[in-house]
Amino acid sequence: MIAPEMATNDPLAPFLPARTGPALTHAFARRSAMMPWRGLRAVADADLGARVARLEATPRPKTAAVAYVHVPFCVSRCLFCGFYRNSYDRARTRRYADLMVVDLDRAAALPMVAEGPPLSAVYIGGGTPTALTASEIALLVGALKTRLPLAADCEITLEGRMFGFDDAKIDAALDAGVNRISLGVQSFDTRVRRRLGRKLDGAQLVEAISGLVARGRAAVVIDLIYGLPGQTEEVWRADIETAAALGLDGLDYYALGVHPNGPLAQAIAAGKTLPVPTLADQAHAYAAARAFFAEQGWTRLSQAHVARTPRERSLYNRLVKTDAACLAFGPGAGGGGFGSSWSMETDLDAWARAVETGRSAIGRMGDLPPVHAADALIAASLESGQLDLVAVERRRPGFVDAAAPLLGAWREVGLIALDGGLLRTTIAGDFWMTTLAQGLATACEHARGRRAA
């Protein structure tokens with residue numbers, strides 16, 4: 001609903017909430033996606049080589065830094081996934097692991113890697129990193145530990161799934177130095193899981209995770225998704241109760257994202273899925289999870305992440321949403337810092353050719369806009385549930401005035417509370433957090449327009 005006092009061509013109009021119905025379920029018609037690299041100015045192909053050379057020769061600033069490592073293989077494609085690229089192949093995964101060592105050897109001597117504060121966190125994501133063999137996991141993690149300047153308490157996360165993550169792989173990961181394991185569970189309900197293409201049934205999954213937790217050698221966290229086809233209110237309640245009983249260190253709960261033209265979108269369009277929960281159903285599921293884990297005494301770390309024990313720090317996930325530098329390794333990995341963002345060659349063979357010839361595997365690069373620092377502060381702060389408006393104003397003069405129509409409207413319907421220059425989100429505001437972040441980011445651009453005028 002657009003407020004009558006705002007012209008329909010006003011850039012803030014899409015972020016003004018409806019004034020009828022509960023804010024949790026009716027504030028907006030849809031949730032906006034986070035756009036961390038909006039306004040990126042692409043570096044021309046002719047300039048890429050020189051820019052990459054300059055980047056790699058620049059020591060990291062004296063701020064927090066992390067690294068992301070991409071493992072681009074999956075044993076199977078899940079119905080909800082929009083990022084599948086390479087099927088598992090024994091010869092290709094071994095080649096990948098060997099070349100990662102070569103690439104890390106080259107990177108270790110670069111000022112961008114070697115000079116600067118130790119890395120606070122390394123995240124090995126994918127794809128499905130646990131699809132690698134035990135020896136490949138050990139080789140990769142060992143190379144990361146010996147080639148990168150890691151802090152003594154560096155959080156080293158291995159992402160994956162319990163299917164195929166056997167004792168040999170678990171031992172290899174833990175012995176090599178992994179101290180955090182993040183598992184994609186999505187749901188414990190066997191019927192829901194089978195329709196998504198997951199291999200283990202609910203009972204098998206609970207048994208496998210319980211065994212991993214019982215080892216006690218690493219923080220264990222899982223991802224749940226609400227809004228899945230066939231996931232009723234009762235199924236979701238069972239999902240969160242099952243998770244809470246496993247002895248986990250932490251947990252994420254995300255709303256289902258249906259990727260355009262992806263397999264799930266196609267299945268929905270063809271009527272081949274179980275009933276899909278509505279956006280209002282998703283809102284109620286989010287609120288239910290928030291209330292449940294608060295009652296259980298879990299600590300909120302972000303909008304969708306809670307911790308049961310102090311061992312779960314979620315350092316990578318929290319820092320990467322700020323303007324911390326992020327080093328990138330592996331095909332398709334994305335990095336950022338130094339006023340730029342970049343991604344490695346996404347094609348596995350193109351990435352391999354670059355590594356084999358001793359070249360940087362960066363395939364694309366762009367310059368961040370001046371508004372990025374304010375955007376990063378907004379996004380990271382809203383994840384924690386509160387935002388210092390004055391701090392954003394310092395980074396983007398004119399922001400508070402530009403955002404005033406939004407702030408007033410959001411407070412009126414109960415999405416936020418304002419205490420002087422401090423914005424705090426309510427549970428309804430947390431559900432719509434990405435939309436609020438996009439609204440405030442748009443206000444930053446609007447502030448620039450006013451100042452320029």
# chains A, B, ... in the order shown; residues from 1 in each chain; ligands from 1
>>> select_by_dssp(residues="region 108-323 of chain A", states="strand (DSSP E or B)", output="PyMOL selection string")
chain A and resi 119-126+150-160+180-186+219-226+250-255+299-302+305-307
>>> closest_atom_pairs(of="region 234-337 of chain A", to="region 14-36 of chain A", cutoff="9 Å", atoms="only C-alpha atoms", output="Markdown table")
| residue | atom | partner | partner_atom | distance |
| --- | --- | --- | --- | --- |
| A:Leu279 | CA | A:Thr25 | CA | 7.3 |
| A:Ala280 | CA | A:Thr25 | CA | 4.8 |
| A:Asp281 | CA | A:Thr25 | CA | 8.1 |
| A:Gln282 | CA | A:Thr25 | CA | 8.6 |
| A:Ala283 | CA | A:Thr25 | CA | 5.9 |
| A:His284 | CA | A:Thr25 | CA | 7.6 |
| A:Ala287 | CA | A:Leu24 | CA | 8.4 |
| A:Lys321 | CA | A:Pro36 | CA | 8.2 |
>>> closest_residue(among="A:Asp239, A:Ala13, A:Gly216, A:Leu140", to="Gly202 (chain A)", atoms="only C-alpha atoms")
A:Asp239
>>> select_by_dssp(residues="region 397-444 of chain A", states="alpha helix (DSSP H)", output="PyMOL selection string")
chain A and resi 399-413+427-431+433-444
>>> write_last_selection(atoms="N, CA and C atoms", output="short mmCIF file (atom, residue, chain, number, x, y, z; two decimals), in the first residue's frame")
data_model
loop_
_atom_site.label_atom_id
_atom_site.label_comp_id
_atom_site.auth_asym_id
_atom_site.auth_seq_id
_atom_site.Cartn_x
_atom_site.Cartn_y
_atom_site.Cartn_z
N PHE A 399 21.15 11.27 5.35
CA PHE A 399 20.41 10.02 5.44
C PHE A 399 19.20 10.11 6.35
N VAL A 400 19.35 10.68 7.53
CA VAL A 400 18.26 10.70 8.50
C VAL A 400 17.04 11.44 7.94
N ASP A 401 17.28 12.59 7.31
CA ASP A 401 16.17 13.32 6.71
C ASP A 401 15.52 12.51 5.58
N ALA A 402 16.34 11.88 4.76
CA ALA A 402 15.80 11.12 3.64
C ALA A 402 14.99 9.92 4.10
N ALA A 403 15.42 9.32 5.22
CA ALA A 403 14.75 8.12 5.72
C ALA A 403 13.55 8.44 6.60
N ALA A 404 13.33 9.68 6.94
CA ALA A 404 12.27 10.05 7.89
C ALA A 404 10.90 9.50 7.51
N PRO A 405 10.46 9.58 6.24
CA PRO A 405 9.14 9.03 5.90
C PRO A 405 9.02 7.53 6.19
N LEU A 406 10.10 6.81 5.96
CA LEU A 406 10.08 5.38 6.24
C LEU A 406 10.04 5.12 7.73
N LEU A 407 10.89 5.80 8.47
CA LEU A 407 10.98 5.56 9.90
C LEU A 407 9.65 5.85 10.59
N GLY A 408 9.00 6.92 10.20
CA GLY A 408 7.71 7.26 10.80
C GLY A 408 6.65 6.22 10.47
N ALA A 409 6.61 5.78 9.23
CA ALA A 409 5.60 4.80 8.82
C ALA A 409 5.86 3.44 9.46
N TRP A 410 7.11 3.03 9.54
CA TRP A 410 7.43 1.74 10.15
C TRP A 410 7.11 1.73 11.63
N ARG A 411 7.41 2.82 12.31
CA ARG A 411 7.10 2.89 13.73
C ARG A 411 5.58 2.86 13.95
N GLU A 412 4.86 3.54 13.10
CA GLU A 412 3.41 3.62 13.26
C GLU A 412 2.74 2.25 13.21
N VAL A 413 3.22 1.37 12.34
CA VAL A 413 2.59 0.05 12.22
C VAL A 413 3.23 -1.01 13.10
N ILE A 427 9.67 -8.08 16.34
CA ILE A 427 9.68 -9.38 15.67
C ILE A 427 9.13 -9.25 14.26
N ALA A 428 8.08 -8.44 14.10
CA ALA A 428 7.54 -8.21 12.75
C ALA A 428 8.59 -7.54 11.87
N GLY A 429 9.29 -6.57 12.43
CA GLY A 429 10.35 -5.90 11.67
C GLY A 429 11.47 -6.83 11.31
N ASP A 430 11.78 -7.77 12.20
CA ASP A 430 12.83 -8.75 11.89
C ASP A 430 12.42 -9.65 10.73
N PHE A 431 11.15 -10.04 10.68
CA PHE A 431 10.71 -10.87 9.56
C PHE A 431 10.87 -10.11 8.24
N MET A 433 13.05 -7.81 7.65
CA MET A 433 14.33 -7.12 7.79
C MET A 433 14.97 -6.78 6.45
N THR A 434 14.94 -7.71 5.50
CA THR A 434 15.59 -7.42 4.22
C THR A 434 14.89 -6.29 3.48
N THR A 435 13.58 -6.20 3.63
CA THR A 435 12.83 -5.10 3.01
C THR A 435 13.18 -3.78 3.69
N LEU A 436 13.30 -3.79 5.02
CA LEU A 436 13.68 -2.58 5.72
C LEU A 436 15.09 -2.14 5.30
N ALA A 437 15.99 -3.11 5.18
CA ALA A 437 17.36 -2.78 4.78
C ALA A 437 17.39 -2.15 3.39
N GLN A 438 16.60 -2.69 2.47
CA GLN A 438 16.56 -2.12 1.13
C GLN A 438 15.95 -0.73 1.14
N GLY A 439 14.95 -0.52 1.99
CA GLY A 439 14.37 0.81 2.11
C GLY A 439 15.36 1.83 2.61
N LEU A 440 16.14 1.47 3.63
CA LEU A 440 17.13 2.39 4.17
C LEU A 440 18.28 2.59 3.18
N ALA A 441 18.64 1.55 2.45
CA ALA A 441 19.68 1.70 1.43
C ALA A 441 19.20 2.66 0.34
N THR A 442 17.93 2.57 -0.02
CA THR A 442 17.37 3.50 -1.00
C THR A 442 17.38 4.92 -0.46
N ALA A 443 17.11 5.07 0.84
CA ALA A 443 17.18 6.39 1.45
C ALA A 443 18.59 6.96 1.39
N CYS A 444 19.59 6.09 1.50
CA CYS A 444 20.97 6.56 1.35
C CYS A 444 21.19 7.16 -0.03
#
>>> closest_residue(among="A:Ala447, A:Ala243, A:Ala307, A:Leu228", to="Thr278 (chain A)", atoms="only C-alpha atoms")
A:Leu228
>>> closest_atom_pairs(of="region 86-123 of chain A", to="region 132-137 of chain A", cutoff="8 Å", atoms="only C-alpha atoms", output="Markdown table")
| residue | atom | partner | partner_atom | distance |
| --- | --- | --- | --- | --- |
| A:Thr93 | CA | A:Leu132 | CA | 6.6 |
| A:Arg94 | CA | A:Glu136 | CA | 6.8 |
| A:Ala97 | CA | A:Glu136 | CA | 5.9 |
>>> atom_distance(atom1="CA of Phe292 (chain A)", atom2="CA of Met162 (chain A)")
25.1 Å
>>> residues_around(residues="Val220 (chain A)", least_positions_apart="3", cutoff="7 Å", atoms="only C-alpha atoms", output="list in words")
Arg180, Ile181, Ser182, Val213, Leu248, Asp249 and Gly250 of chain A
>>> closest_residue(among="A:Ala108, A:Ala304, A:Ala67, A:Leu274", to="Tyr286 (chain A)", atoms="only C-alpha atoms")
A:Ala304
>>> atom_distance(atom1="CA of Thr128 (chain A)", atom2="CA of Phe165 (chain A)")
10.3 Å
>>> residues_around(residues="Ser340 (chain A)", least_positions_apart="2", cutoff="8 Å", atoms="only C-alpha atoms", output="ChimeraX atom specification")
/A:336-338,342,365-368
>>> residues_around(residues="Val178 (chain A)", least_positions_apart="4", cutoff="10 Å", atoms="only C-alpha atoms", output="VMD selection string")
chain A and resid 122 to 124 137 to 138 141 to 142 145 154 to 158 170 to 174 217 to 219
>>> write_last_selection(atoms="N, CA and C atoms", output="PDB file, in the first residue's frame")
ATOM      1  N   VAL A 122      37.324 -18.847   8.485  1.00  0.00           N
ATOM      2  CA  VAL A 122      37.373 -19.444   7.150  1.00  0.00           C
ATOM      3  C   VAL A 122      36.116 -20.285   6.990  1.00  0.00           C
ATOM      4  N   TYR A 123      35.428 -20.091   5.883  1.00  0.00           N
ATOM      5  CA  TYR A 123      34.192 -20.846   5.638  1.00  0.00           C
ATOM      6  C   TYR A 123      34.362 -21.667   4.369  1.00  0.00           C
ATOM      7  N   ILE A 124      34.255 -22.983   4.487  1.00  0.00           N
ATOM      8  CA  ILE A 124      34.349 -23.884   3.347  1.00  0.00           C
ATOM      9  C   ILE A 124      32.922 -24.249   2.959  1.00  0.00           C
ATOM     10  N   ILE A 137      39.383 -33.784   2.001  1.00  0.00           N
ATOM     11  CA  ILE A 137      39.040 -32.843   3.078  1.00  0.00           C
ATOM     12  C   ILE A 137      40.280 -32.527   3.897  1.00  0.00           C
ATOM     13  N   ALA A 138      41.034 -33.572   4.245  1.00  0.00           N
ATOM     14  CA  ALA A 138      42.248 -33.368   5.038  1.00  0.00           C
ATOM     15  C   ALA A 138      43.257 -32.519   4.281  1.00  0.00           C
ATOM     16  N   VAL A 141      41.839 -28.707   4.084  1.00  0.00           N
ATOM     17  CA  VAL A 141      41.880 -27.988   5.369  1.00  0.00           C
ATOM     18  C   VAL A 141      43.321 -27.811   5.819  1.00  0.00           C
ATOM     19  N   GLY A 142      44.151 -28.812   5.614  1.00  0.00           N
ATOM     20  CA  GLY A 142      45.558 -28.686   5.984  1.00  0.00           C
ATOM     21  C   GLY A 142      46.253 -27.574   5.224  1.00  0.00           C
ATOM     22  N   LYS A 145      45.241 -24.195   6.619  1.00  0.00           N
ATOM     23  CA  LYS A 145      45.870 -23.894   7.909  1.00  0.00           C
ATOM     24  C   LYS A 145      47.341 -23.532   7.774  1.00  0.00           C
ATOM     25  N   CYS A 154      40.856 -19.024  15.161  1.00  0.00           N
ATOM     26  CA  CYS A 154      40.129 -18.893  13.906  1.00  0.00           C
ATOM     27  C   CYS A 154      38.994 -19.920  13.826  1.00  0.00           C
ATOM     28  N   GLU A 155      37.832 -19.437  13.451  1.00  0.00           N
ATOM     29  CA  GLU A 155      36.687 -20.321  13.234  1.00  0.00           C
ATOM     30  C   GLU A 155      36.821 -20.939  11.841  1.00  0.00           C
ATOM     31  N   ILE A 156      36.912 -22.270  11.766  1.00  0.00           N
ATOM     32  CA  ILE A 156      37.037 -22.969  10.489  1.00  0.00           C
ATOM     33  C   ILE A 156      35.793 -23.827  10.309  1.00  0.00           C
ATOM     34  N   THR A 157      34.939 -23.406   9.392  1.00  0.00           N
ATOM     35  CA  THR A 157      33.652 -24.074   9.181  1.00  0.00           C
ATOM     36  C   THR A 157      33.697 -24.970   7.949  1.00  0.00           C
ATOM     37  N   LEU A 158      33.176 -26.167   8.097  1.00  0.00           N
ATOM     38  CA  LEU A 158      32.954 -27.058   6.963  1.00  0.00           C
ATOM     39  C   LEU A 158      31.444 -27.207   6.799  1.00  0.00           C
ATOM     40  N   ILE A 170      34.419 -37.360   8.846  1.00  0.00           N
ATOM     41  CA  ILE A 170      34.308 -36.541  10.062  1.00  0.00           C
ATOM     42  C   ILE A 170      35.650 -36.491  10.783  1.00  0.00           C
ATOM     43  N   ASP A 171      36.293 -37.643  10.944  1.00  0.00           N
ATOM     44  CA  ASP A 171      37.598 -37.681  11.615  1.00  0.00           C
ATOM     45  C   ASP A 171      38.629 -36.866  10.842  1.00  0.00           C
ATOM     46  N   ALA A 172      38.619 -36.980   9.526  1.00  0.00           N
ATOM     47  CA  ALA A 172      39.570 -36.233   8.706  1.00  0.00           C
ATOM     48  C   ALA A 172      39.384 -34.738   8.888  1.00  0.00           C
ATOM     49  N   ALA A 173      38.153 -34.291   8.898  1.00  0.00           N
ATOM     50  CA  ALA A 173      37.875 -32.864   9.059  1.00  0.00           C
ATOM     51  C   ALA A 173      38.311 -32.367  10.433  1.00  0.00           C
ATOM     52  N   LEU A 174      37.927 -33.084  11.466  1.00  0.00           N
ATOM     53  CA  LEU A 174      38.256 -32.654  12.826  1.00  0.00           C
ATOM     54  C   LEU A 174      39.758 -32.715  13.080  1.00  0.00           C
ATOM     55  N   ARG A 217      33.790 -32.405  19.516  1.00  0.00           N
ATOM     56  CA  ARG A 217      35.061 -31.820  19.091  1.00  0.00           C
ATOM     57  C   ARG A 217      34.902 -30.554  18.260  1.00  0.00           C
ATOM     58  N   ALA A 218      33.694 -30.228  17.858  1.00  0.00           N
ATOM     59  CA  ALA A 218      33.462 -29.038  17.052  1.00  0.00           C
ATOM     60  C   ALA A 218      32.058 -28.521  17.335  1.00  0.00           C
ATOM     61  N   ALA A 219      31.880 -27.230  17.112  1.00  0.00           N
ATOM     62  CA  ALA A 219      30.535 -26.677  17.175  1.00  0.00           C
ATOM     63  C   ALA A 219      29.730 -27.257  16.020  1.00  0.00           C
TER      64      ALA A 219
END
>>> closest_atom_pairs(of="region 309-411 of chain A", to="region 109-116 of chain A", cutoff="12 Å", atoms="only C-alpha atoms", output="tab-separated table")
residue	atom	partner	partner_atom	distance
A:Ala325	CA	A:Met112	CA	9.9
A:Cys326	CA	A:Val113	CA	10.1
A:Leu327	CA	A:Val113	CA	7.6
A:Ala328	CA	A:Val113	CA	10.2
A:Phe329	CA	A:Val113	CA	11.3
A:Gly335	CA	A:Met112	CA	11.7
A:Gly336	CA	A:Met112	CA	11.4
A:Gly337	CA	A:Met112	CA	10.0
A:Phe338	CA	A:Met112	CA	9.7
A:Ser360	CA	A:Leu110	CA	10.8
>>> residues_around(residues="Ser381 (chain A)", least_positions_apart="6", cutoff="12 Å", atoms="only C-alpha atoms", output="ChimeraX atom specification")
/A:301-303,318-319,321-323,374-375,387-389,391-392,422-425,430,433-434,436-437,440
>>> write_last_selection(atoms="C-alpha atoms", output="PDB file, in the first residue's frame")
ATOM      1  CA  LEU A 301      23.143 -13.839  17.043  1.00  0.00           C
ATOM      2  CA  SER A 302      21.355 -12.464  14.003  1.00  0.00           C
ATOM      3  CA  GLN A 303      17.914 -12.129  12.435  1.00  0.00           C
ATOM      4  CA  ARG A 318      28.458 -12.088  10.954  1.00  0.00           C
ATOM      5  CA  LEU A 319      31.659 -10.495   9.651  1.00  0.00           C
ATOM      6  CA  LYS A 321      27.854  -8.923   6.275  1.00  0.00           C
ATOM      7  CA  THR A 322      29.982  -5.990   7.380  1.00  0.00           C
ATOM      8  CA  ASP A 323      32.673  -4.317   5.297  1.00  0.00           C
ATOM      9  CA  ALA A 374      26.562   2.955   4.765  1.00  0.00           C
ATOM     10  CA  ASP A 375      24.780  -0.003   3.173  1.00  0.00           C
ATOM     11  CA  LEU A 387      20.749   0.385  14.070  1.00  0.00           C
ATOM     12  CA  ASP A 388      22.538   3.579  15.099  1.00  0.00           C
ATOM     13  CA  LEU A 389      21.010   6.106  12.713  1.00  0.00           C
ATOM     14  CA  ALA A 391      26.398   6.354  12.615  1.00  0.00           C
ATOM     15  CA  VAL A 392      24.787   5.937   9.202  1.00  0.00           C
ATOM     16  CA  LEU A 422      18.635   4.231  17.852  1.00  0.00           C
ATOM     17  CA  LEU A 423      16.319   2.075  15.733  1.00  0.00           C
ATOM     18  CA  ARG A 424      15.212  -1.282  17.141  1.00  0.00           C
ATOM     19  CA  THR A 425      13.271  -3.822  15.128  1.00  0.00           C
ATOM     20  CA  ASP A 430      12.827  -8.749  11.889  1.00  0.00           C
ATOM     21  CA  MET A 433      14.328  -7.122   7.788  1.00  0.00           C
ATOM     22  CA  THR A 434      15.592  -7.421   4.218  1.00  0.00           C
ATOM     23  CA  LEU A 436      13.683  -2.576   5.722  1.00  0.00           C
ATOM     24  CA  ALA A 437      17.357  -2.782   4.777  1.00  0.00           C
ATOM     25  CA  LEU A 440      17.133   2.392   4.167  1.00  0.00           C
TER      26      LEU A 440
END
>>> decode(residues="region 185-205 of chain A", atoms="C-alpha atoms", output="short mmCIF file (atom, residue, chain, number, x, y, z; two decimals), in the first residue's frame")
data_model
loop_
_atom_site.label_atom_id
_atom_site.label_comp_id
_atom_site.auth_asym_id
_atom_site.auth_seq_id
_atom_site.Cartn_x
_atom_site.Cartn_y
_atom_site.Cartn_z
CA VAL A 185 18.93 -30.10 7.18
CA GLN A 186 15.97 -28.02 5.92
CA SER A 187 13.40 -30.30 7.58
CA PHE A 188 13.32 -33.49 9.64
CA ASP A 189 9.98 -34.52 8.18
CA THR A 190 10.57 -37.54 5.95
CA ARG A 191 7.73 -36.74 3.55
CA VAL A 192 8.95 -33.18 3.04
CA ARG A 193 12.56 -34.33 2.71
CA ARG A 194 11.77 -36.97 0.11
CA ARG A 195 9.92 -34.45 -2.06
CA LEU A 196 12.96 -32.13 -1.89
CA GLY A 197 15.36 -34.83 -3.01
CA ARG A 198 17.05 -35.37 0.37
CA LYS A 199 18.45 -38.86 0.86
CA LEU A 200 18.15 -39.61 4.59
CA ASP A 201 14.80 -39.97 6.29
CA GLY A 202 14.05 -38.07 9.49
CA ALA A 203 15.07 -40.88 11.89
CA GLN A 204 18.33 -41.54 10.06
CA LEU A 205 19.16 -37.84 10.09
#
